[in-house]
Protein chains: 2
Amino acid sequence: MIELTDASADLISDRFRALAEPMRLRLLHNLRKGELSVGELAERVGAGQANVSKHLQVLFQQGFVERRKAGTTTWYRVADPAVFELCSLVCGGIEDELDRRRQLLRPRRG
Amino acid sequence: MIELTDASADLISDRFRALAEPMRLRLLHNLRKGELSVGELAERVGAGQANVSKHLQVLFQQGFVERRKAGTTTWYRVADPAVFELCSLVCGGIEDELDRRRQLLRPRRG
DNA sequence: TGCGTATATTCCTAGATAGTTGAATAGCGG
DNA sequence: CCGCTATTCAACTATCTAGGAATATACGCA
């Protein structure tokens, strides 16, 4: 692990921020099965095309997706498989967190 | 990996968002070595006490840290070691991304 | 009780960002 | 060249959040 300087903290947080958005996670999830165009992604996630395009820019800037232009359409694909490992790690914690929230809902003065 | 429903996408993004903040990454980094109080953390990261307290709430809500009250001081510690695996994965991508950015800065019409 | 300390909470402001809309760009077919 | 399509870009609004200041709460001590 990098010794956390201010600069590297910024870089790391930038990458986390790119994943801190449900829409972008859905885009990545749809791209798991293979390449998709912007329009196809917009249909699948039920969002506007411009919106999807901007989200894809963010993922591209962080290197999570790559793109390939063919004629008028742009095909996006996952570039960094580590993103799925990241999600798996986070998903592992989610069930724990749900359990913990249920604990918090209980009266605690027992 | 969880089949990504809208609800789970929200949960996952919430967890990523908790890490998408340099200050919170620095807090977690300082907590690697062991328990620290809010005041100690505020000194180390050079931030206000209220600010640090609020960031710790976010990390606590997402289950990344635990806390223990002793008198008037609250001691925080890392609860989920997976957070460091997450950072490692992200750090691994950062050097790749830096290389990629250097590529982008080059004239590409070769 | 009253004071000092440590933490949490509330209010406020400035900056960031998601989403929409409309325009601009680029390729394809006539 | 002209329309058509897919994508990107720019402007705008609404929402969110980091940070600071002030306040509230809780604890220890005399």
# chains A, B, ... in the order shown; residues from 1 in each chain; ligands from 1
call {"tool": "residues_around", "arguments": {"residues": "DT7 in chain C", "least_positions_apart": "6", "cutoff": "12 Å", "atoms": "only C-alpha atoms (C1' of nucleotides)", "output": "JSON, numbers by chain"}}
result
{"B": [37, 38, 39, 42, 49, 50, 51, 52, 53, 54, 56, 57, 69, 70, 71, 72, 73, 74, 75], "D": [24, 25, 26, 27]}
call {"tool": "write_last_selection", "arguments": {"atoms": "N, CA and C atoms (P, O5', C5', C4', C3', O3' and C1' of nucleotides)", "output": "PDB file, in the first residue's frame"}}
result
ATOM      1  N   SER B  37      -8.136   8.940  19.475  1.00  0.00           N
ATOM      2  CA  SER B  37      -9.295   9.747  19.847  1.00  0.00           C
ATOM      3  C   SER B  37      -9.584  10.776  18.753  1.00  0.00           C
ATOM      4  N   VAL B  38     -10.726  11.397  18.833  1.00  0.00           N
ATOM      5  CA  VAL B  38     -11.105  12.399  17.849  1.00  0.00           C
ATOM      6  C   VAL B  38     -10.103  13.552  17.850  1.00  0.00           C
ATOM      7  N   GLY B  39      -9.737  13.999  19.051  1.00  0.00           N
ATOM      8  CA  GLY B  39      -8.796  15.111  19.141  1.00  0.00           C
ATOM      9  C   GLY B  39      -7.440  14.773  18.551  1.00  0.00           C
ATOM     10  N   ALA B  42      -7.720  14.777  14.876  1.00  0.00           N
ATOM     11  CA  ALA B  42      -7.823  16.145  14.364  1.00  0.00           C
ATOM     12  C   ALA B  42      -6.438  16.777  14.278  1.00  0.00           C
ATOM     13  N   GLN B  49     -11.970  19.941  14.906  1.00  0.00           N
ATOM     14  CA  GLN B  49     -12.543  18.813  15.644  1.00  0.00           C
ATOM     15  C   GLN B  49     -13.925  18.443  15.117  1.00  0.00           C
ATOM     16  N   ALA B  50     -14.759  19.441  14.874  1.00  0.00           N
ATOM     17  CA  ALA B  50     -16.113  19.163  14.395  1.00  0.00           C
ATOM     18  C   ALA B  50     -16.067  18.463  13.043  1.00  0.00           C
ATOM     19  N   ASN B  51     -15.159  18.923  12.223  1.00  0.00           N
ATOM     20  CA  ASN B  51     -15.017  18.337  10.889  1.00  0.00           C
ATOM     21  C   ASN B  51     -14.641  16.861  10.990  1.00  0.00           C
ATOM     22  N   VAL B  52     -13.620  16.585  11.813  1.00  0.00           N
ATOM     23  CA  VAL B  52     -13.174  15.199  11.981  1.00  0.00           C
ATOM     24  C   VAL B  52     -14.299  14.346  12.557  1.00  0.00           C
ATOM     25  N   SER B  53     -14.998  14.877  13.518  1.00  0.00           N
ATOM     26  CA  SER B  53     -16.086  14.125  14.134  1.00  0.00           C
ATOM     27  C   SER B  53     -17.138  13.746  13.093  1.00  0.00           C
ATOM     28  N   LYS B  54     -17.452  14.692  12.241  1.00  0.00           N
ATOM     29  CA  LYS B  54     -18.457  14.408  11.215  1.00  0.00           C
ATOM     30  C   LYS B  54     -17.972  13.344  10.235  1.00  0.00           C
ATOM     31  N   LEU B  56     -15.887  11.016  10.860  1.00  0.00           N
ATOM     32  CA  LEU B  56     -15.887   9.726  11.553  1.00  0.00           C
ATOM     33  C   LEU B  56     -17.299   9.155  11.625  1.00  0.00           C
ATOM     34  N   GLN B  57     -18.286  10.022  11.721  1.00  0.00           N
ATOM     35  CA  GLN B  57     -19.673   9.536  11.696  1.00  0.00           C
ATOM     36  C   GLN B  57     -19.956   8.803  10.390  1.00  0.00           C
ATOM     37  N   LYS B  69     -16.282   4.565  23.971  1.00  0.00           N
ATOM     38  CA  LYS B  69     -16.245   5.766  24.789  1.00  0.00           C
ATOM     39  C   LYS B  69     -15.584   5.459  26.127  1.00  0.00           C
ATOM     40  N   ALA B  70     -14.650   6.310  26.507  1.00  0.00           N
ATOM     41  CA  ALA B  70     -13.986   6.173  27.811  1.00  0.00           C
ATOM     42  C   ALA B  70     -13.960   7.560  28.434  1.00  0.00           C
ATOM     43  N   GLY B  71     -14.856   7.801  29.353  1.00  0.00           N
ATOM     44  CA  GLY B  71     -14.970   9.139  29.906  1.00  0.00           C
ATOM     45  C   GLY B  71     -15.499  10.088  28.865  1.00  0.00           C
ATOM     46  N   THR B  72     -14.781  11.185  28.698  1.00  0.00           N
ATOM     47  CA  THR B  72     -15.244  12.163  27.719  1.00  0.00           C
ATOM     48  C   THR B  72     -14.667  11.910  26.328  1.00  0.00           C
ATOM     49  N   THR B  73     -13.680  11.036  26.243  1.00  0.00           N
ATOM     50  CA  THR B  73     -13.058  10.813  24.940  1.00  0.00           C
ATOM     51  C   THR B  73     -13.650   9.599  24.244  1.00  0.00           C
ATOM     52  N   THR B  74     -13.701   9.693  22.941  1.00  0.00           N
ATOM     53  CA  THR B  74     -14.179   8.589  22.115  1.00  0.00           C
ATOM     54  C   THR B  74     -13.008   8.063  21.303  1.00  0.00           C
ATOM     55  N   TRP B  75     -12.770   6.776  21.430  1.00  0.00           N
ATOM     56  CA  TRP B  75     -11.665   6.150  20.720  1.00  0.00           C
ATOM     57  C   TRP B  75     -12.186   5.435  19.493  1.00  0.00           C
TER      58      TRP B  75
ATOM     59  P    DA D  24     -27.150  26.186  23.164  1.00  0.00           P
ATOM     60  O5'  DA D  24     -26.988  24.597  23.105  1.00  0.00           O
ATOM     61  C5'  DA D  24     -27.508  23.889  21.981  1.00  0.00           C
ATOM     62  C4'  DA D  24     -27.266  22.394  22.142  1.00  0.00           C
ATOM     63  C3'  DA D  24     -27.553  21.850  23.544  1.00  0.00           C
ATOM     64  O3'  DA D  24     -28.169  20.584  23.439  1.00  0.00           O
ATOM     65  C1'  DA D  24     -25.305  21.410  22.949  1.00  0.00           C
ATOM     66  P    DT D  25     -28.810  19.904  24.743  1.00  0.00           P
ATOM     67  O5'  DT D  25     -27.823  18.694  25.052  1.00  0.00           O
ATOM     68  C5'  DT D  25     -27.474  17.797  24.010  1.00  0.00           C
ATOM     69  C4'  DT D  25     -26.298  16.936  24.445  1.00  0.00           C
ATOM     70  C3'  DT D  25     -26.399  16.380  25.874  1.00  0.00           C
ATOM     71  O3'  DT D  25     -26.328  14.971  25.809  1.00  0.00           O
ATOM     72  C1'  DT D  25     -24.250  17.259  25.441  1.00  0.00           C
ATOM     73  P    DA D  26     -26.729  14.073  27.104  1.00  0.00           P
ATOM     74  O5'  DA D  26     -25.306  13.499  27.552  1.00  0.00           O
ATOM     75  C5'  DA D  26     -24.395  13.039  26.570  1.00  0.00           C
ATOM     76  C4'  DA D  26     -23.013  12.868  27.195  1.00  0.00           C
ATOM     77  C3'  DA D  26     -23.047  12.386  28.651  1.00  0.00           C
ATOM     78  O3'  DA D  26     -22.154  11.297  28.799  1.00  0.00           O
ATOM     79  C1'  DA D  26     -21.706  14.310  28.454  1.00  0.00           C
ATOM     80  P    DC D  27     -22.222  10.368  30.120  1.00  0.00           P
ATOM     81  O5'  DC D  27     -20.819  10.656  30.830  1.00  0.00           O
ATOM     82  C5'  DC D  27     -19.635  10.530  30.064  1.00  0.00           C
ATOM     83  C4'  DC D  27     -18.522  11.326  30.706  1.00  0.00           C
ATOM     84  C3'  DC D  27     -18.316  11.036  32.198  1.00  0.00           C
ATOM     85  O3'  DC D  27     -17.090  10.350  32.381  1.00  0.00           O
ATOM     86  C1'  DC D  27     -18.158  13.364  31.682  1.00  0.00           C
TER      87       DC D  27
END
call {"tool": "select_by_dssp", "arguments": {"residues": "range 2-89 of chain B", "states": "helix (DSSP H, G or I)", "output": "ChimeraX atom specification"}}
result
/B:6-19,22-31,38-45,49-61,82-89
call {"tool": "interface_residues", "arguments": {"of": "chain A", "to": "chain B", "cutoff": "10 Å", "atoms": "only C-alpha atoms", "output": "PyMOL selection string"}}
result
chain A and resi 1-26+29-30+45+61-64+80+82-94+96-98+100-101
call {"tool": "interface_residues", "arguments": {"of": "chain C", "to": "chain B", "cutoff": "8 Å", "atoms": "only C-alpha atoms (C1' of nucleotides)", "output": "mmCIF file with N, CA and C atoms (P, O5', C5', C4', C3', O3' and C1' of nucleotides), in the first residue's frame"}}
result
data_model
loop_
_atom_site.group_PDB
_atom_site.id
_atom_site.type_symbol
_atom_site.label_atom_id
_atom_site.label_comp_id
_atom_site.auth_asym_id
_atom_site.auth_seq_id
_atom_site.Cartn_x
_atom_site.Cartn_y
_atom_site.Cartn_z
ATOM 1 P P DT C 5 -9.727 23.354 30.014
ATOM 2 O "O5'" DT C 5 -10.189 21.908 29.516
ATOM 3 C "C5'" DT C 5 -9.887 20.760 30.308
ATOM 4 C "C4'" DT C 5 -10.479 19.521 29.684
ATOM 5 C "C3'" DT C 5 -10.266 19.407 28.166
ATOM 6 O "O3'" DT C 5 -9.811 18.118 27.830
ATOM 7 C "C1'" DT C 5 -12.555 19.169 28.688
ATOM 8 P P DA C 6 -9.316 17.777 26.346
ATOM 9 O "O5'" DA C 6 -10.529 16.918 25.776
ATOM 10 C "C5'" DA C 6 -10.880 15.697 26.426
ATOM 11 C "C4'" DA C 6 -12.030 15.032 25.680
ATOM 12 C "C3'" DA C 6 -11.872 15.050 24.154
ATOM 13 O "O3'" DA C 6 -12.169 13.762 23.622
ATOM 14 C "C1'" DA C 6 -13.915 16.081 24.772
ATOM 15 P P DT C 7 -12.084 13.525 22.045
ATOM 16 O "O5'" DT C 7 -13.618 13.581 21.622
ATOM 17 C "C5'" DT C 7 -14.546 12.741 22.302
ATOM 18 C "C4'" DT C 7 -15.958 13.138 21.957
ATOM 19 C "C3'" DT C 7 -16.301 13.103 20.474
ATOM 20 O "O3'" DT C 7 -17.231 12.060 20.243
ATOM 21 C "C1'" DT C 7 -17.195 15.025 21.548
ATOM 22 P P DA C 8 -17.823 11.800 18.775
ATOM 23 O "O5'" DA C 8 -19.183 12.632 18.757
ATOM 24 C "C5'" DA C 8 -20.165 12.379 19.755
ATOM 25 C "C4'" DA C 8 -21.335 13.332 19.609
ATOM 26 C "C3'" DA C 8 -21.983 13.375 18.222
ATOM 27 O "O3'" DA C 8 -23.390 13.246 18.363
ATOM 28 C "C1'" DA C 8 -21.428 15.569 18.942
#
call {"tool": "select_by_dssp", "arguments": {"residues": "chain A", "states": "strand (DSSP E)", "output": "PyMOL selection string"}}
result
chain A and resi 36-37+65-70+73-78
call {"tool": "write_last_selection", "arguments": {"atoms": "N, CA and C atoms", "output": "mmCIF file, in the first residue's frame"}}
result
data_model
loop_
_atom_site.group_PDB
_atom_site.id
_atom_site.type_symbol
_atom_site.label_atom_id
_atom_site.label_comp_id
_atom_site.auth_asym_id
_atom_site.auth_seq_id
_atom_site.Cartn_x
_atom_site.Cartn_y
_atom_site.Cartn_z
ATOM 1 N N LEU A 36 -20.725 -2.405 -25.092
ATOM 2 C CA LEU A 36 -22.029 -1.821 -25.393
ATOM 3 C C LEU A 36 -21.825 -0.385 -25.842
ATOM 4 N N SER A 37 -22.763 0.080 -26.671
ATOM 5 C CA SER A 37 -22.706 1.465 -27.119
ATOM 6 C C SER A 37 -23.368 2.376 -26.091
ATOM 7 N N VAL A 65 -13.049 2.153 -17.751
ATOM 8 C CA VAL A 65 -13.564 1.663 -19.030
ATOM 9 C C VAL A 65 -12.667 2.163 -20.158
ATOM 10 N N GLU A 66 -12.707 1.432 -21.264
ATOM 11 C CA GLU A 66 -12.053 1.843 -22.495
ATOM 12 C C GLU A 66 -13.124 2.037 -23.554
ATOM 13 N N ARG A 67 -12.751 2.721 -24.670
ATOM 14 C CA ARG A 67 -13.759 2.937 -25.704
ATOM 15 C C ARG A 67 -13.152 2.773 -27.084
ATOM 16 N N ARG A 68 -14.033 2.505 -28.023
ATOM 17 C CA ARG A 68 -13.622 2.223 -29.392
ATOM 18 C C ARG A 68 -14.693 2.809 -30.289
ATOM 19 N N LYS A 69 -14.279 3.642 -31.211
ATOM 20 C CA LYS A 69 -15.242 4.264 -32.104
ATOM 21 C C LYS A 69 -15.354 3.462 -33.384
ATOM 22 N N ALA A 70 -16.588 3.187 -33.782
ATOM 23 C CA ALA A 70 -16.853 2.493 -35.037
ATOM 24 C C ALA A 70 -17.967 3.247 -35.732
ATOM 25 N N THR A 73 -20.988 5.265 -33.770
ATOM 26 C CA THR A 73 -21.222 4.736 -32.422
ATOM 27 C C THR A 73 -19.901 4.534 -31.686
ATOM 28 N N THR A 74 -19.957 4.726 -30.385
ATOM 29 C CA THR A 74 -18.803 4.502 -29.512
ATOM 30 C C THR A 74 -19.086 3.303 -28.628
ATOM 31 N N TRP A 75 -18.204 2.338 -28.672
ATOM 32 C CA TRP A 75 -18.372 1.119 -27.883
ATOM 33 C C TRP A 75 -17.508 1.197 -26.639
ATOM 34 N N TYR A 76 -18.138 0.989 -25.522
ATOM 35 C CA TYR A 76 -17.426 1.021 -24.238
ATOM 36 C C TYR A 76 -17.282 -0.386 -23.697
ATOM 37 N N ARG A 77 -16.161 -0.599 -23.006
ATOM 38 C CA ARG A 77 -15.941 -1.899 -22.361
ATOM 39 C C ARG A 77 -15.156 -1.672 -21.075
ATOM 40 N N VAL A 78 -15.238 -2.625 -20.183
ATOM 41 C CA VAL A 78 -14.514 -2.531 -18.919
ATOM 42 C C VAL A 78 -13.027 -2.675 -19.181
#
call {"tool": "atom_distance", "arguments": {"atom1": "C1' of DA18 in chain D", "atom2": "CA of His55 in chain B"}}
result
9.4 Å
call {"tool": "atom_distance", "arguments": {"atom1": "C1' of DC4 in chain D", "atom2": "CA of Val58 in chain A"}}
result
28.9 Å
call {"tool": "closest_atom_pairs", "arguments": {"of": "chain D", "to": "chain A", "cutoff": "8 Å", "atoms": "only C-alpha atoms (C1' of nucleotides)", "output": "CSV"}}
result
residue,atom,partner,partner_atom,distance
D:DT5,C1',A:Thr72,CA,7.6
D:DA6,C1',A:Thr72,CA,5.2
D:DT7,C1',A:Thr73,CA,7.0
D:DT8,C1',A:Ser53,CA,7.5
call {"tool": "residues_around", "arguments": {"residues": "DG3 in chain D", "least_positions_apart": "6", "cutoff": "12 Å", "atoms": "only C-alpha atoms (C1' of nucleotides)", "output": "PDB file with N, CA and C atoms (P, O5', C5', C4', C3', O3' and C1' of nucleotides), in the first residue's frame"}}
result
ATOM      1  P    DC C  28     -18.438   5.822 -41.351  1.00  0.00           P
ATOM      2  O5'  DC C  28     -19.897   5.769 -41.988  1.00  0.00           O
ATOM      3  C5'  DC C  28     -20.973   5.268 -41.193  1.00  0.00           C
ATOM      4  C4'  DC C  28     -22.291   5.490 -41.898  1.00  0.00           C
ATOM      5  C3'  DC C  28     -22.300   5.077 -43.380  1.00  0.00           C
ATOM      6  O3'  DC C  28     -23.395   4.212 -43.632  1.00  0.00           O
ATOM      7  C1'  DC C  28     -23.171   7.276 -43.094  1.00  0.00           C
ATOM      8  P    DG C  29     -23.428   3.425 -45.009  1.00  0.00           P
ATOM      9  O5'  DG C  29     -24.612   4.209 -45.769  1.00  0.00           O
ATOM     10  C5'  DG C  29     -25.909   4.207 -45.179  1.00  0.00           C
ATOM     11  C4'  DG C  29     -26.873   5.047 -46.000  1.00  0.00           C
ATOM     12  C3'  DG C  29     -26.827   4.747 -47.509  1.00  0.00           C
ATOM     13  O3'  DG C  29     -28.149   4.718 -48.027  1.00  0.00           O
ATOM     14  C1'  DG C  29     -26.400   7.054 -47.121  1.00  0.00           C
ATOM     15  P    DG C  30     -28.394   4.263 -49.476  1.00  0.00           P
ATOM     16  O5'  DG C  30     -28.794   5.620 -50.220  1.00  0.00           O
ATOM     17  C5'  DG C  30     -30.072   6.202 -49.945  1.00  0.00           C
ATOM     18  C4'  DG C  30     -30.123   7.646 -50.463  1.00  0.00           C
ATOM     19  C3'  DG C  30     -29.878   7.742 -51.965  1.00  0.00           C
ATOM     20  O3'  DG C  30     -31.142   7.791 -52.664  1.00  0.00           O
ATOM     21  C1'  DG C  30     -28.750   9.473 -50.719  1.00  0.00           C
TER      22       DG C  30
END
call {"tool": "residues_around", "arguments": {"residues": "DA10 in chain D", "least_positions_apart": "2", "cutoff": "10 Å", "atoms": "only C-alpha atoms (C1' of nucleotides)", "output": "VMD selection string"}}
result
(chain C and resid 22 to 24) or (chain D and resid 8 12)
call {"tool": "write_last_selection", "arguments": {"atoms": "C-alpha atoms (C1' of nucleotides)", "output": "PDB file, in the first residue's frame"}}
result
ATOM      1  C1'  DG C  22     -30.412  22.300 -26.560  1.00  0.00           C
ATOM      2  C1'  DA C  23     -26.660  22.942 -29.667  1.00  0.00           C
ATOM      3  C1'  DA C  24     -22.349  21.295 -31.937  1.00  0.00           C
TER       4       DA C  24
ATOM      5  C1'  DT D   8     -20.309  14.867 -27.179  1.00  0.00           C
ATOM      6  C1'  DC D  12     -28.689  25.779 -16.440  1.00  0.00           C
TER       7       DC D  12
END
call {"tool": "atom_distance", "arguments": {"atom1": "CA of Phe60 in chain A", "atom2": "CA of Ala79 in chain A"}}
result
8.7 Å
